[in-house]
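**Student:** What follows is entry_16.pdb, made up of PDB, C-alpha atoms, pLDDT in the B column:
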ATOM      1  CA  MET T  25       8.894  -6.760  -7.011  1.00 81.00           C
ATOM      2  CA  ALA T  26       8.937  -8.393 -10.437  1.00 76.00           C
ATOM      3  CA  ALA T  27      11.215 -11.180  -9.221  1.00 82.00           C
ATOM      4  CA  ARG T  28       9.144 -12.062  -6.137  1.00 83.00           C
ATOM      5  CA  ALA T  29       5.668 -11.336  -7.527  1.00 87.00           C
ATOM      6  CA  PRO T  30       5.794 -11.684 -11.309  1.00 91.00           C
ATOM      7  CA  GLU T  31       1.997 -11.909 -11.491  1.00 95.00           C
ATOM      8  CA  VAL T  32       1.667  -8.272 -10.356  1.00 95.00           C
ATOM      9  CA  PRO T  33       1.514  -5.882 -13.341  1.00 95.00           C
ATOM     10  CA  ALA T  34       4.235  -3.214 -13.468  1.00 95.00           C
ATOM     11  CA  ARG T  35       1.769  -0.329 -13.101  1.00 96.00           C
ATOM     12  CA  LEU T  36       0.347  -1.798  -9.884  1.00 96.00           C
ATOM     13  CA  ALA T  37       3.827  -2.593  -8.569  1.00 95.00           C
ATOM     14  CA  ARG T  38       4.926   1.019  -9.126  1.00 95.00           C
ATOM     15  CA  SER T  39       1.773   2.385  -7.520  1.00 95.00           C
ATOM     16  CA  THR T  40       2.023   0.235  -4.384  1.00 96.00           C
ATOM     17  CA  SER T  41       5.758   0.930  -4.095  1.00 95.00           C
ATOM     18  CA  ARG T  42       5.172   4.712  -4.262  1.00 95.00           C
ATOM     19  CA  VAL T  43       2.521   4.578  -1.555  1.00 96.00           C
ATOM     20  CA  VAL T  44       4.646   2.352   0.692  1.00 96.00           C
ATOM     21  CA  SER T  45       7.568   4.731   0.234  1.00 95.00           C
ATOM     22  CA  ARG T  46       5.350   7.557   1.494  1.00 95.00           C
ATOM     23  CA  LEU T  47       4.119   5.369   4.361  1.00 95.00           C
ATOM     24  CA  ARG T  48       7.717   4.745   5.409  1.00 95.00           C
ATOM     25  CA  GLY T  49       8.168   8.511   5.698  1.00 94.00           C
ATOM     26  CA  LEU T  50       5.548   8.631   8.445  1.00 95.00           C
ATOM     27  CA  GLU T  51       6.211   7.979  12.108  1.00 94.00           C
ATOM     28  CA  LEU T  52       4.533   4.596  12.263  1.00 96.00           C
ATOM     29  CA  VAL T  53       4.769   2.120  15.125  1.00 96.00           C
ATOM     30  CA  LYS T  54       5.417  -0.660  12.602  1.00 94.00           C
ATOM     31  CA  GLN T  55       6.882   0.341   9.257  1.00 95.00           C
ATOM     32  CA  PRO T  56       5.694  -1.742   6.291  1.00 95.00           C
ATOM     33  CA  GLY T  57       8.388  -4.035   4.963  1.00 93.00           C
ATOM     34  CA  VAL T  58       9.029  -5.733   1.653  1.00 94.00           C
ATOM     35  CA  ALA T  59       6.817  -8.720   2.506  1.00 93.00           C
ATOM     36  CA  GLU T  60       3.856  -6.477   3.374  1.00 94.00           C
ATOM     37  CA  THR T  61       4.346  -4.496   0.172  1.00 95.00           C
ATOM     38  CA  ILE T  62       4.361  -7.630  -1.962  1.00 94.00           C
ATOM     39  CA  ASN T  63       1.344  -9.089  -0.153  1.00 94.00           C
ATOM     40  CA  TRP T  64      -0.553  -5.834  -0.635  1.00 95.00           C
ATOM     41  CA  ALA T  65       0.253  -5.701  -4.352  1.00 96.00           C
ATOM     42  CA  ARG T  66      -0.826  -9.328  -4.715  1.00 94.00           C
ATOM     43  CA  ALA T  67      -4.086  -8.656  -2.868  1.00 94.00           C
ATOM     44  CA  LEU T  68      -4.872  -5.650  -5.070  1.00 96.00           C
ATOM     45  CA  ASN T  69      -4.031  -7.679  -8.154  1.00 95.00           C
ATOM     46  CA  GLN T  70      -6.410 -10.441  -7.030  1.00 95.00           C
ATOM     47  CA  LEU T  71      -9.114  -7.785  -6.676  1.00 94.00           C
ATOM     48  CA  GLY T  72      -8.493  -6.781 -10.297  1.00 96.00           C
ATOM     49  CA  GLU T  73      -7.031  -3.390  -9.429  1.00 96.00           C
ATOM     50  CA  HIS T  74      -4.523  -1.619 -11.682  1.00 96.00           C
ATOM     51  CA  GLU T  75      -3.221   0.978  -9.205  1.00 95.00           C
ATOM     52  CA  VAL T  76      -3.789   2.212  -5.673  1.00 96.00           C
ATOM     53  CA  THR T  77      -6.868   4.455  -5.402  1.00 95.00           C
ATOM     54  CA  GLY T  78      -8.726   6.035  -2.512  1.00 91.00           C
ATOM     55  CA  ASP T  79     -11.341   3.295  -2.564  1.00 92.00           C
ATOM     56  CA  ASN T  80      -9.015   0.301  -2.692  1.00 94.00           C
ATOM     57  CA  LEU T  81      -6.567   1.917  -0.247  1.00 93.00           C
ATOM     58  CA  ASP T  82      -9.297   2.093   2.370  1.00 89.00           C
ATOM     59  CA  ILE T  83     -10.390  -1.533   1.999  1.00 91.00           C
ATOM     60  CA  SER T  84      -6.927  -3.057   1.627  1.00 93.00           C
ATOM     61  CA  LEU T  85      -4.763  -0.985   3.951  1.00 92.00           C
ATOM     62  CA  GLY T  86      -4.757  -3.722   6.600  1.00 91.00           C
ATOM     63  CA  SER T  87      -2.579  -5.766   4.251  1.00 91.00           C
ATOM     64  CA  VAL T  88       0.280  -3.313   4.607  1.00 93.00           C
ATOM     65  CA  ILE T  89      -0.368  -1.531   7.937  1.00 94.00           C
ATOM     66  CA  LYS T  90      -0.516  -3.845  10.947  1.00 91.00           C
ATOM     67  CA  ASP T  91      -0.938  -1.468  13.923  1.00 95.00           C
ATOM     68  CA  HIS T  92      -4.439  -0.114  14.680  1.00 95.00           C
ATOM     69  CA  ASP T  93      -3.233   3.400  15.545  1.00 96.00           C
ATOM     70  CA  ASP T  94      -1.072   3.482  12.403  1.00 96.00           C
ATOM     71  CA  LEU T  95      -4.082   2.392  10.370  1.00 95.00           C
ATOM     72  CA  SER T  96      -6.221   5.242  11.718  1.00 94.00           C
ATOM     73  CA  MET T  97      -3.503   7.800  11.105  1.00 94.00           C
ATOM     74  CA  VAL T  98      -2.832   6.633   7.551  1.00 94.00           C
ATOM     75  CA  ARG T  99      -6.548   6.612   6.715  1.00 91.00           C
ATOM     76  CA  SER T 100      -6.785  10.222   7.890  1.00 93.00           C
ATOM     77  CA  ARG T 101      -3.913  11.100   5.533  1.00 92.00           C
ATOM     78  CA  ALA T 102      -5.005   8.963   2.565  1.00 91.00           C
ATOM     79  CA  ALA T 103      -5.082  11.875   0.091  1.00 90.00           C
ATOM     80  CA  GLU T 104      -1.465  12.680   0.960  1.00 89.00           C
ATOM     81  CA  MET T 105      -0.446   9.049   0.405  1.00 89.00           C
ATOM     82  CA  LEU T 106      -2.105   9.016  -3.017  1.00 90.00           C
ATOM     83  CA  ASP T 107      -0.952  12.412  -4.272  1.00 81.00           C
ATOM     84  CA  GLY T 108       0.690  11.861  -7.641  1.00 65.00           C
ATOM     85  CA  THR T 109       0.196   8.102  -7.860  1.00 57.00           C
TER      86      THR T 109
END
Let's see the structure in the file written out as structure tokens.
**Tutor:**
Amino acid sequence: MAARAPEVPARLARSTSRVVSRLRGLELVKQPGVAETINWARALNQLGEHEVTGDNLDISLGSVIKDHDDLSMVRSRAAEMLDGT
């Protein structure tokens, strides 16, 4: 991510990458790709966030999850996505 989004701090890049990796392990209609991951990290950075949390996950998840049903499912499993981040 550092090459394509150098403005995103390393801690935030690691946090978003870990969550997206977990998201990719779910049976989603549309898996998040590299572009969505970078856009999400950039959005969180613009909000002044330092890592993915329960609060900012909920308000920013639409940046990385594009399908409505996927969004509902991921929100219901938010704690699992954040475990260990």
**Student:** Would you pick out the contacts of region 78-92 of chain T at 6 Å or less, using all atoms listed in the file, so that residues sharing its chain but fewer than 4 positions from it are not included, and give the list as an MDAnalysis selection string?
**Tutor:** chainID T and resid 56 60 64
**Student:** Could you tell me which residues the PyMOL selection byres ((chain T and resi 72-77) around 9) returns for this structure, as a PyMOL selection string?
**Tutor:** chain T and resi 33+35-40+43+65+67-71+78-82+106+109
**Student:** So how many Å separate CA of Gly57 (chain T) and CA of Ala27 (chain T), to one decimal?
**Tutor:**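 Those two atoms sit 16.1 Å apart.
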**Student:** Quick one: which residues end up in the PyMOL selection byres ((chain T and resi 48) around 12) for this structure, as a list in words?
**Tutor:** Ser41, Arg42, Val43, Val44, Ser45, Arg46, Leu47, Gly49, Leu50, Glu51, Leu52, Val53, Lys54, Gln55, Pro56, Gly57, Val58, Thr61, Val88, Ile89, Asp94, Val98 and Met105 of chain T
**Student:** I'd like the interatomic distance between CA of Asn63 (chain T) and CA of Leu95 (chain T), to a tenth of an Å.
**Tutor:**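 These two atoms are separated by 16.5 Å.
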**Student:** Between CA of Ala102 (chain T) and CA of Met25 (chain T), what is the distance in Å, rounded to a tenth?
**Tutor:**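 Here the two named atoms are 23.1 Å from each other.
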